[in-house]
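**Q** Before we start, here is the structure in question, set down as structure tokens.
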Amino acid sequence: MMAEVAKDAGELPAISLYNSLSRSIEPLRTQVPGEVGVYVCGMTVYDYCHIGHARAMMAFDLVVRHLRHRGYRVRFVRNHTDVDDKIIVRAKERGIAPLDLSSMFIGALEEDLAGLGLRAPDHTPKVSDHIGDIVDLIGKLVAREHAYRAENGDVYFAVESDPEYGKLSGKKLDDQRAGERVAVDAAKHHPADFALWKAWTGEPTEPHWPSPWGEGRPGWHIECSAMAKAYLGETFDVHGGGIDLVFPHHENEIAQSECATGKPYATYWMHNGHLTLDNEKMSKSLGNIMRIRDILAEVPGEALRLMFVESHYRSPLPYSSDRLTSALVALDRLYCAKETAFGSTGEANPKTMGEPGLEAMEVATAFPGRFYAAMDNDFNTAEAMGHVFDLVRAVNRLGNDRGARSKAGAILAPARAAFALIADVLGIGTMSPQGFFDEVKTKRLLAQGRSVGEIDAKIEARGAARSAKDWAAADRIRAELDADNIVVMDSPTGSTWRMRVGE
Ligand SMILES: [Zn+2]
């Protein structure tokens with residue numbers, strides 16, 4: 001597989017990326033040349049994931065895909081937060097054990113992300129499997145006097161013990177002190193101090209583990225520091241997550257890791273922009289319609305991928321059903337072009353092909369250079385998609401001319417290579433065209449409460465009417481199908497059909 005071939009680090013293409021820590025675009029320089037350690041904050045698994053989560057997961061799927069495609073060896077870690085207040089509350093409501101609830105939603109999450117074409121990370125550690133690493137890290141912070149056990153039994157990180165606290169978010173501790181009304185929590189020395197370890201309340205259903213500070217469970221932030229260290233070492237290359245995690249989560253990860261080890265934590269911090277809905281930040285209250293699995297029931301996962309990659313990962317991404325429909329239309333055009341590129345035979349000389357043939361060849365030949373230039377520069381999928389659409393337009397223009405298409409097999413060789421590149425890096429156009437058209441048929445009809453068999457029967461009835469030269473009946477059936485957005489294509493071997501998308 002192309003993605004797995006390791007090259008000499010010296011010959012790898014240069015990649016640049018925006019680092020939230022320096023607030024600038026920087027060249028990628030890793031701890032070990034040619035190897036990239038990537039840690040991404042995963043999800044708190046207490047419900048099905050929605051489209052806002054999908055955006056973050058997708059953003060880093062693309063980063064990892066592109067780095068691998070360019071020959072870098074990537075070690076990709078994304079955690080599951082399976083110990084958390086929200087999980088405990090939800091599990092109690094349902095009368096099941098918190099770890100049973102979270103393992104159920106980890107299963108659902110993996111299914112949803114696979115449906116979106118996400119490649120599984122190399123490691124997906126869970127908090128409950130790393131309590132020892134977490135206790136160990138807290139122990140180091142306590143020993144170095146960066147953390148203290150408060151009267152209530154909780155262990156807090158002392159933000160004032162870290163002179164660099166605030167370097168990622170730009171927040172100043174003094175501002176936070178000034179905003180303090182009354183003592184938020186009498187147990188803390190400073191209102192911005194955060195829990196590393198939470199004492200067990202004694203509630204039997206609450207997960208708890210032994211520690212030098214008593215029975216309890218980890219606070220949220222410490223888990224990522226402990227798991228990143230366990231899989232990637234004390235200093236690693238790229239840490240990612242949603243922009244909403246910059247403060248306090250990522251700020252706290254940096255503080256506790258660097259204070260515990262005395263070494264830099266992550267070299268590059270990457271943050272994806274929000275998914276927005278009517279200009280509001282996505283939230284759970286928007287209900288089930290935004291669940292990934294519900295969207296996947298209606299459209300192929302690649303339509304959602306295409307909608308995501310049309311925006312740069314750092315930009316806000318406005319979501320609406322219209323945008324998803326437009327993405328499906330664009331994807332349909334891409335598969336039409338792929339069908340032409342892979343379906344054309346013939347060895348016509350480009351010089352005799354005429355303008356559409358020459359254009360398709362030129363655009364496809366120039367494609368890899370343009371695509372890589374966009375992607376190597378901070379994973380600019382928006383610009384890369386501009387080149388994808390140029391390619392699709394040029395190939396479809398040639399494809400519309402049946403005569404030209406039948407001769408264009410050799411001319412479309414660079415287009416076939418371009419589609420393979422798009423599929424490997426962006427995860428779009430990975431299916432056979434027929435597989436895509438069939439998936440659209442099934443899902444669109446199902447969403448309307450109809451079936452493929454029902455349409456097949458109508459097509460057959462129309463065929464019978466045509467054989468009997470009952471043109472009036474054949475035309476009536478065709479008009480009915482057309483009204484239902486079903487396009488019938490007649491050929492000498494029979495009639496086939498597709499769903500018309502986007503109308
Ligand atoms: Zn995290």
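Chain labels follow the order of the structure tokens: the first chain is A, the next B, and so on; residue numbering restarts at 1 in every chain, and ligands are counted from 1 in their shown order.
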Let me have all residues with an atom within 7 Å of ligand 1, counting only C-alpha atoms and all ligand atoms, laid out as a list in words.

**A**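 Written in the requested form, the residues are Val40, Cys41, Gly42, His221, Cys224, His249 and His250 of chain A.
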
**Q** From a DSSP pass on the backbone, collect the residues of region 50-148 of chain A flagged as strand (DSSP E or B) and hand them back as a PDB file with N, CA, C and O atoms, in the first residue's frame.

**A**
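Now in out35.pdb:
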ATOM      1  N   HIS A  50     -22.573  13.327  17.412  1.00  0.00           N
ATOM      2  CA  HIS A  50     -23.292  14.162  16.453  1.00  0.00           C
ATOM      3  C   HIS A  50     -22.302  14.771  15.475  1.00  0.00           C
ATOM      4  O   HIS A  50     -21.089  14.566  15.550  1.00  0.00           O
ATOM      5  N   ARG A  73       5.810   8.322   8.741  1.00  0.00           N
ATOM      6  CA  ARG A  73       5.286   7.257   9.604  1.00  0.00           C
ATOM      7  C   ARG A  73       4.578   7.943  10.767  1.00  0.00           C
ATOM      8  O   ARG A  73       5.187   8.723  11.498  1.00  0.00           O
ATOM      9  N   VAL A  74       3.295   7.669  10.902  1.00  0.00           N
ATOM     10  CA  VAL A  74       2.498   8.365  11.910  1.00  0.00           C
ATOM     11  C   VAL A  74       2.061   7.383  12.984  1.00  0.00           C
ATOM     12  O   VAL A  74       1.619   6.271  12.673  1.00  0.00           O
ATOM     13  N   ARG A  75       2.202   7.807  14.232  1.00  0.00           N
ATOM     14  CA  ARG A  75       1.607   7.049  15.331  1.00  0.00           C
ATOM     15  C   ARG A  75       0.464   7.908  15.848  1.00  0.00           C
ATOM     16  O   ARG A  75       0.672   8.996  16.384  1.00  0.00           O
ATOM     17  N   PHE A  76      -0.749   7.434  15.644  1.00  0.00           N
ATOM     18  CA  PHE A  76      -1.944   8.239  15.889  1.00  0.00           C
ATOM     19  C   PHE A  76      -2.716   7.672  17.086  1.00  0.00           C
ATOM     20  O   PHE A  76      -3.144   6.524  17.074  1.00  0.00           O
ATOM     21  N   VAL A  77      -2.883   8.530  18.105  1.00  0.00           N
ATOM     22  CA  VAL A  77      -3.572   8.130  19.337  1.00  0.00           C
ATOM     23  C   VAL A  77      -4.798   9.020  19.533  1.00  0.00           C
ATOM     24  O   VAL A  77      -4.696  10.247  19.451  1.00  0.00           O
ATOM     25  N   ARG A  78      -5.937   8.435  19.748  1.00  0.00           N
ATOM     26  CA  ARG A  78      -7.144   9.213  20.110  1.00  0.00           C
ATOM     27  C   ARG A  78      -7.842   8.486  21.255  1.00  0.00           C
ATOM     28  O   ARG A  78      -8.140   7.297  21.143  1.00  0.00           O
ATOM     29  N   ASN A  79      -8.067   9.209  22.340  1.00  0.00           N
ATOM     30  CA  ASN A  79      -8.576   8.542  23.541  1.00  0.00           C
ATOM     31  C   ASN A  79     -10.100   8.484  23.584  1.00  0.00           C
ATOM     32  O   ASN A  79     -10.794   9.164  22.825  1.00  0.00           O
ATOM     33  N   HIS A  80     -10.582   7.650  24.482  1.00  0.00           N
ATOM     34  CA  HIS A  80     -12.003   7.650  24.847  1.00  0.00           C
ATOM     35  C   HIS A  80     -12.084   8.054  26.311  1.00  0.00           C
ATOM     36  O   HIS A  80     -11.452   7.414  27.160  1.00  0.00           O
ATOM     37  N   THR A  81     -12.853   9.091  26.620  1.00  0.00           N
ATOM     38  CA  THR A  81     -13.076   9.458  28.010  1.00  0.00           C
ATOM     39  C   THR A  81     -14.235   8.605  28.528  1.00  0.00           C
ATOM     40  O   THR A  81     -15.393   8.862  28.203  1.00  0.00           O
ATOM     41  N   HIS A 123      -3.924   3.682  18.305  1.00  0.00           N
ATOM     42  CA  HIS A 123      -4.272   3.396  19.699  1.00  0.00           C
ATOM     43  C   HIS A 123      -5.498   4.222  20.080  1.00  0.00           C
ATOM     44  O   HIS A 123      -5.559   5.406  19.780  1.00  0.00           O
ATOM     45  N   LYS A 126      -8.436   4.040  26.785  1.00  0.00           N
ATOM     46  CA  LYS A 126      -9.538   4.482  27.654  1.00  0.00           C
ATOM     47  C   LYS A 126      -8.960   4.876  29.011  1.00  0.00           C
ATOM     48  O   LYS A 126      -8.007   4.253  29.487  1.00  0.00           O
ATOM     49  N   ALA A 147       1.098  20.407  42.862  1.00  0.00           N
ATOM     50  CA  ALA A 147      -0.262  19.954  43.162  1.00  0.00           C
ATOM     51  C   ALA A 147      -0.387  19.745  44.672  1.00  0.00           C
ATOM     52  O   ALA A 147       0.613  19.521  45.351  1.00  0.00           O
ATOM     53  N   TYR A 148      -1.608  19.820  45.168  1.00  0.00           N
ATOM     54  CA  TYR A 148      -1.830  19.680  46.611  1.00  0.00           C
ATOM     55  C   TYR A 148      -3.144  18.954  46.857  1.00  0.00           C
ATOM     56  O   TYR A 148      -4.074  19.020  46.059  1.00  0.00           O
TER      57      TYR A 148
END

**Q** Excluding region 396-402 of chain A and its own-chain neighbours fewer than 5 positions away, which residues fall within 8 Å of it when counting only C-alpha atoms? Please give them as a list in words.

**A**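 Here the qualifying residues turn out to be Arg333, Cys336, Ala337, Thr340, Pro356, Gly357 and Ala360 of chain A.
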
**Q** Could the residues in this selection be saved with C-alpha atoms as a PDB file, in the first residue's frame?

**A**
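Written out: selection.pdb:
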ATOM      1  CA  ARG A 333     -20.668  14.563 -10.325  1.00  0.00           C
ATOM      2  CA  CYS A 336     -19.906  10.428 -12.967  1.00  0.00           C
ATOM      3  CA  ALA A 337     -16.386  11.639 -13.797  1.00  0.00           C
ATOM      4  CA  THR A 340     -15.964   8.117 -17.408  1.00  0.00           C
ATOM      5  CA  PRO A 356     -12.325  18.585 -24.282  1.00  0.00           C
ATOM      6  CA  GLY A 357      -9.870  15.682 -24.596  1.00  0.00           C
ATOM      7  CA  ALA A 360      -9.119  16.729 -19.491  1.00  0.00           C
TER       8      ALA A 360
END

**Q** Please list as a PDB file with C-alpha atoms, in the first residue's frame every residue within 10 Å of region 429-442 of chain A, counting only C-alpha atoms and excluding residues in the same chain fewer than 2 positions away.

**A**
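Saved to part37.pdb:
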ATOM      1  CA  GLY A 117     -14.727   6.484   6.249  1.00  0.00           C
ATOM      2  CA  ALA A 297     -29.023   6.508   6.977  1.00  0.00           C
ATOM      3  CA  GLU A 298     -29.944   9.117   4.353  1.00  0.00           C
ATOM      4  CA  VAL A 299     -26.741   9.840   2.440  1.00  0.00           C
ATOM      5  CA  PRO A 300     -23.429   8.069   1.808  1.00  0.00           C
ATOM      6  CA  GLU A 302     -18.647  10.499   1.622  1.00  0.00           C
ATOM      7  CA  ALA A 303     -21.238  13.264   1.106  1.00  0.00           C
ATOM      8  CA  LEU A 306     -17.086  16.230   1.009  1.00  0.00           C
ATOM      9  CA  LEU A 328     -24.232  15.036  -2.418  1.00  0.00           C
ATOM     10  CA  LEU A 331     -20.200  13.852  -5.056  1.00  0.00           C
ATOM     11  CA  ASP A 332     -22.577  12.535  -7.710  1.00  0.00           C
ATOM     12  CA  LEU A 334     -17.386  13.199  -9.028  1.00  0.00           C
ATOM     13  CA  TYR A 335     -18.634   9.635  -9.449  1.00  0.00           C
ATOM     14  CA  CYS A 336     -19.906  10.428 -12.967  1.00  0.00           C
ATOM     15  CA  ALA A 337     -16.386  11.639 -13.797  1.00  0.00           C
ATOM     16  CA  LYS A 338     -14.848   8.574 -12.176  1.00  0.00           C
ATOM     17  CA  GLU A 339     -17.189   6.393 -14.237  1.00  0.00           C
ATOM     18  CA  THR A 340     -15.964   8.117 -17.408  1.00  0.00           C
ATOM     19  CA  PHE A 342     -12.462   4.183 -15.566  1.00  0.00           C
ATOM     20  CA  GLY A 343     -15.084   3.235 -18.166  1.00  0.00           C
ATOM     21  CA  PHE A 419      -8.989   9.759  -8.571  1.00  0.00           C
ATOM     22  CA  ALA A 420      -6.830   7.226  -6.744  1.00  0.00           C
ATOM     23  CA  LEU A 421      -4.932  10.077  -5.072  1.00  0.00           C
ATOM     24  CA  ILE A 422      -8.166  11.828  -4.026  1.00  0.00           C
ATOM     25  CA  ALA A 423      -9.523   8.575  -2.574  1.00  0.00           C
ATOM     26  CA  ASP A 424      -6.360   7.884  -0.562  1.00  0.00           C
ATOM     27  CA  LEU A 426      -9.471  12.717   1.195  1.00  0.00           C
ATOM     28  CA  GLY A 427     -11.362   9.430   1.457  1.00  0.00           C
ATOM     29  CA  ARG A 444     -32.827   8.041  -0.759  1.00  0.00           C
ATOM     30  CA  LEU A 445     -35.715   5.687  -1.432  1.00  0.00           C
ATOM     31  CA  LEU A 446     -35.654   4.352   2.112  1.00  0.00           C
ATOM     32  CA  ALA A 447     -35.808   7.930   3.429  1.00  0.00           C
ATOM     33  CA  ARG A 450     -39.962   3.301  -0.730  1.00  0.00           C
ATOM     34  CA  SER A 451     -37.789   0.493  -2.041  1.00  0.00           C
ATOM     35  CA  VAL A 452     -35.515  -0.330  -4.964  1.00  0.00           C
ATOM     36  CA  GLY A 453     -37.746  -3.306  -5.841  1.00  0.00           C
ATOM     37  CA  ILE A 455     -38.859   1.107  -8.854  1.00  0.00           C
ATOM     38  CA  ILE A 486     -35.705   8.789 -11.100  1.00  0.00           C
ATOM     39  CA  TRP A 497     -31.965   3.970 -13.566  1.00  0.00           C
ATOM     40  CA  ARG A 498     -30.454   6.336 -11.037  1.00  0.00           C
ATOM     41  CA  MET A 499     -31.714   8.774  -8.431  1.00  0.00           C
ATOM     42  CA  ARG A 500     -31.454  12.373  -9.474  1.00  0.00           C
ATOM     43  CA  VAL A 501     -29.921  14.192  -6.495  1.00  0.00           C
TER      44      VAL A 501
END

**Q** Taking 3 positions as the minimum chain separation for residues in the same chain, which residues sit within 8 Å of region 149-164 of chain A when counting only C-alpha atoms? Answer as a list in words.

**A**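 After dropping sequence-adjacent residues, the list is Leu141, Glu145, His146, Lys167, Leu173, Ala187, Lys188, His189, His190, Ala192, Asp193, Phe194, Ala195, Leu196, Trp197, Lys198, Ala199, Trp213, Gly214, Ala255, Gln256 and Cys259 of chain A.
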
**Q** Report as an mmCIF file with N, CA, C and O atoms, in the first residue's frame all protein, DNA and RNA residues lying within 12 Å of Asn349 (chain A), evaluated on only C-alpha atoms, omitting residues in the same chain fewer than 6 positions from it.

**A**
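Dumped to result.cif:
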data_model
loop_
_atom_site.group_PDB
_atom_site.id
_atom_site.type_symbol
_atom_site.label_atom_id
_atom_site.label_comp_id
_atom_site.auth_asym_id
_atom_site.auth_seq_id
_atom_site.Cartn_x
_atom_site.Cartn_y
_atom_site.Cartn_z
ATOM 1 N N GLY A 357 -10.838 16.735 -24.883
ATOM 2 C CA GLY A 357 -9.870 15.682 -24.596
ATOM 3 C C GLY A 357 -8.560 16.255 -24.098
ATOM 4 O O GLY A 357 -7.990 15.799 -23.101
ATOM 5 N N LEU A 358 -8.103 17.295 -24.782
ATOM 6 C CA LEU A 358 -6.842 17.932 -24.385
ATOM 7 C C LEU A 358 -6.964 18.557 -23.002
ATOM 8 O O LEU A 358 -6.076 18.432 -22.160
ATOM 9 N N MET A 361 -6.928 15.983 -20.241
ATOM 10 C CA MET A 361 -5.592 15.438 -20.023
ATOM 11 C C MET A 361 -4.705 16.440 -19.302
ATOM 12 O O MET A 361 -3.970 16.081 -18.368
ATOM 13 N N ALA A 404 -16.318 10.882 -28.115
ATOM 14 C CA ALA A 404 -14.980 11.155 -27.580
ATOM 15 C C ALA A 404 -14.666 10.188 -26.445
ATOM 16 O O ALA A 404 -13.560 9.646 -26.358
ATOM 17 N N LYS A 407 -13.196 6.821 -27.106
ATOM 18 C CA LYS A 407 -11.814 6.730 -27.616
ATOM 19 C C LYS A 407 -10.781 7.148 -26.572
ATOM 20 O O LYS A 407 -9.583 7.079 -26.810
ATOM 21 N N ALA A 408 -11.250 7.623 -25.398
ATOM 22 C CA ALA A 408 -10.366 8.394 -24.508
ATOM 23 C C ALA A 408 -9.630 7.582 -23.442
ATOM 24 O O ALA A 408 -9.079 8.147 -22.511
ATOM 25 N N GLY A 409 -9.621 6.258 -23.556
ATOM 26 C CA GLY A 409 -9.020 5.428 -22.515
ATOM 27 C C GLY A 409 -7.611 5.847 -22.130
ATOM 28 O O GLY A 409 -7.306 6.049 -20.953
ATOM 29 N N ALA A 410 -6.744 6.023 -23.129
ATOM 30 C CA ALA A 410 -5.345 6.364 -22.834
ATOM 31 C C ALA A 410 -5.234 7.797 -22.320
ATOM 32 O O ALA A 410 -4.455 8.087 -21.405
ATOM 33 N N ILE A 411 -6.040 8.658 -22.903
ATOM 34 C CA ILE A 411 -5.987 10.077 -22.517
ATOM 35 C C ILE A 411 -6.391 10.283 -21.063
ATOM 36 O O ILE A 411 -5.915 11.194 -20.382
ATOM 37 N N LEU A 412 -7.269 9.397 -20.566
ATOM 38 C CA LEU A 412 -7.762 9.561 -19.197
ATOM 39 C C LEU A 412 -6.917 8.829 -18.150
ATOM 40 O O LEU A 412 -7.283 8.795 -16.976
#

**Q** Would you please work out which residue, of A:Val45, A:Leu101, A:Ala374, A:Ala366, is nearest to Ile15 (chain A) when using only C-alpha atoms?

**A**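 Nearest to Ile15 (chain A): A:Ala374.
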
**Q** What does the distance between CA of Leu113 (chain A) and CA of Ala330 (chain A) come to in Å, to one decimal place?

**A**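 Rounded to one decimal, the two atoms are 21.7 Å apart.
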
**Q** Would you mind reading off the distance between CA of Ile88 (chain A) and CA of Glu206 (chain A), one decimal, in Å?

**A**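 The value is 6.5 Å.
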
**Q** Find the spatial neighbours of Ile292 (chain A), counting only C-alpha atoms, within a cut-off of 7 Å - ignore same-chain residues fewer than 6 positions away - and output them as a list in words.

**A**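 So, after excluding close chain neighbours, the residues are Cys49, His50, Ile51 and Asp112 of chain A.
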